[in-house]
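Here is the structure we will look at, set down as structure tokens.
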Amino acid sequence: MIFKQGAMVKSADGQQVGQLNRVVIDPRTESVSHVIVQRGFLFTDERVIPVNLIASADEENVDLRLDAEDLEDLPQFVETNFIKVPEEERVVPDASQAAPFYPVAPMPTWRPGTPIADPGIEPRIEQEERHIPDDTVVVQKGADVLALNDEKVGDVEEVLTDPESHRITQFVISEGLLLKEEKRVPIEWVSEIHENEIRLAVGPKILEYLPANQ
């Protein structure tokens with residue numbers, strides 16, 4: 001399978017339900033465990049889809065095994081919760097020194113250690129929770145690819161996996177800024193996988209011997 005950001009995602013009942021946004025990788029098994037699908041354009045949400053619910057994937061399309069309405073039952077990638085600030089942690093400033101306060105939202109957020117401008121309004125802490133398995137990494141197009149000497153040698157363009165095991169076989173990376181050349185880097189050359197970067201176990205010179213991606 002080929003996972004490329006921007007590929008159209010289609011449900012089993014033939015509806016276009018969004019675009020592939022990112023892939024979730026388990027570095028321990030070097031496999032793709034989930035994909036993140038973005039729905040909508042102005043008002044968007046992102047749903048986490050287990051890779052076993054994907055029938056096929058290429059550079060242009062990702063075909064799901066579930067119907068469009070079933071996506072509502074899948075978790076959002078990031079869920080925002082608002083938690084009440086405990087009484088003992090609230091800081092109320094001296095009224096003579098407090099700046100004027102003009103409430104613009106019924107539920108203002110608050111950062112620990114900062115004064116509460118209006119004690120009459122219940123402060124909340126904004127907390128984000130990612131609904132992906134522990135120890136997995138979200139990788140998206142454009143993540144840096146670093147050689148053994150820490151030199152940047154390209155950006156992630158695509159993730160290629162075995163259709164049976166979902167284990168990553170290659171990363172397609174782009175080299176250069178203006179005239180980009182794409183090359184396939186085998187997973188055996190990868191030493192670390194992080195959210196914003198892929199680290200290689202080889203130096204930059206050896207990449208020159210890789211054929212261009214066809």
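Please note that chains go A, B, ... in the order of the structure tokens, that every chain numbers its residues from 1, and that ligands are numbered from 1 in the order shown.
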Exercise for the section: For region 197-199 of chain A, please output as a ChimeraX atom specification all residues within 9 Å (counting only C-alpha atoms; exclusion window: fewer than 6 positions along the same chain). Expected result: /A:139,142-148,150,155-156,189-191
Fill in the blank from the handout: With distances taken over only C-alpha atoms, the candidate from A:Asn21, A:Val153, A:Ile173, A:Pro186 nearest Val62 (chain A) is A:Asn21
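Reported to one decimal place, the separation of CA of Ala68 (chain A) from CA of Pro163 (chain A) is 22.6 Å.
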Exercise for the section: For region 26-42 of chain A, please output as a PyMOL selection string all residues within 7 Å (counting only C-alpha atoms; exclusion window: fewer than 2 positions along the same chain). Expected result: chain A and resi 17-24+44-51+135-137+166-168+193
Problem - Within 12 Å of Leu207 (chain A) using only C-alpha atoms, minus same-chain residues under 2 positions, as a count of residues only - result: 28
Exercise for the section: Using CA of Ile187 (chain A) and CA of Ile2 (chain A) as the two end points, give the distance in Å to one decimal. Expected result: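 Separating CA of Ile187 (chain A) from CA of Ile2 (chain A) is a distance of 14.1 Å.
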So that I can see what lies close to Glu69 (chain A), please list as a PDB file with N, CA, C and O atoms, in the first residue's frame the residues with an atom at most 12 Å from it, counting only C-alpha atoms and leaving out residues fewer than 5 positions away in the same chain.
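Saved as result.pdb:
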```pdb
ATOM      1  N   LYS A  10     -12.214   7.066   0.193  1.00  0.00           N
ATOM      2  CA  LYS A  10     -13.557   6.665  -0.216  1.00  0.00           C
ATOM      3  C   LYS A  10     -14.060   5.551   0.697  1.00  0.00           C
ATOM      4  O   LYS A  10     -13.306   4.653   1.074  1.00  0.00           O
ATOM      5  N   SER A  11     -15.337   5.625   1.035  1.00  0.00           N
ATOM      6  CA  SER A  11     -15.946   4.595   1.883  1.00  0.00           C
ATOM      7  C   SER A  11     -16.364   3.399   1.044  1.00  0.00           C
ATOM      8  O   SER A  11     -16.363   3.452  -0.192  1.00  0.00           O
ATOM      9  N   ALA A  12     -16.755   2.325   1.718  1.00  0.00           N
ATOM     10  CA  ALA A  12     -17.150   1.103   1.020  1.00  0.00           C
ATOM     11  C   ALA A  12     -18.413   1.310   0.192  1.00  0.00           C
ATOM     12  O   ALA A  12     -18.644   0.592  -0.788  1.00  0.00           O
ATOM     13  N   ASP A  13     -19.257   2.297   0.593  1.00  0.00           N
ATOM     14  CA  ASP A  13     -20.467   2.571  -0.180  1.00  0.00           C
ATOM     15  C   ASP A  13     -20.250   3.645  -1.245  1.00  0.00           C
ATOM     16  O   ASP A  13     -21.199   4.226  -1.774  1.00  0.00           O
ATOM     17  N   GLY A  14     -18.966   3.925  -1.579  1.00  0.00           N
ATOM     18  CA  GLY A  14     -18.645   4.768  -2.724  1.00  0.00           C
ATOM     19  C   GLY A  14     -18.632   6.262  -2.484  1.00  0.00           C
ATOM     20  O   GLY A  14     -18.520   7.030  -3.441  1.00  0.00           O
ATOM     21  N   GLN A  15     -18.704   6.718  -1.243  1.00  0.00           N
ATOM     22  CA  GLN A  15     -18.710   8.150  -0.959  1.00  0.00           C
ATOM     23  C   GLN A  15     -17.304   8.655  -0.669  1.00  0.00           C
ATOM     24  O   GLN A  15     -16.482   7.946  -0.079  1.00  0.00           O
ATOM     25  N   GLN A  16     -17.043   9.891  -1.096  1.00  0.00           N
ATOM     26  CA  GLN A  16     -15.786  10.532  -0.751  1.00  0.00           C
ATOM     27  C   GLN A  16     -15.936  11.137   0.637  1.00  0.00           C
ATOM     28  O   GLN A  16     -16.746  12.035   0.850  1.00  0.00           O
ATOM     29  N   VAL A  17     -15.149  10.645   1.570  1.00  0.00           N
ATOM     30  CA  VAL A  17     -15.343  11.032   2.972  1.00  0.00           C
ATOM     31  C   VAL A  17     -14.225  11.935   3.503  1.00  0.00           C
ATOM     32  O   VAL A  17     -14.283  12.363   4.660  1.00  0.00           O
ATOM     33  N   LEU A  74     -15.931   6.393  14.860  1.00  0.00           N
ATOM     34  CA  LEU A  74     -14.491   6.354  15.086  1.00  0.00           C
ATOM     35  C   LEU A  74     -14.047   7.597  15.862  1.00  0.00           C
ATOM     36  O   LEU A  74     -14.654   8.659  15.751  1.00  0.00           O
TER      37      LEU A  74
END
```
Practice task
Give me the residues within 6 Å of region 52-55 of chain A as an NGL selection string, counting only C-alpha atoms and dropping any in the same chain fewer than 4 places off.
Solution key: :A and (63-65)
Handout entry: CA of Leu160 (chain A) to CA of Leu71 (chain A), distance in Å rounded to a single decimal
Key = 24.1 Å
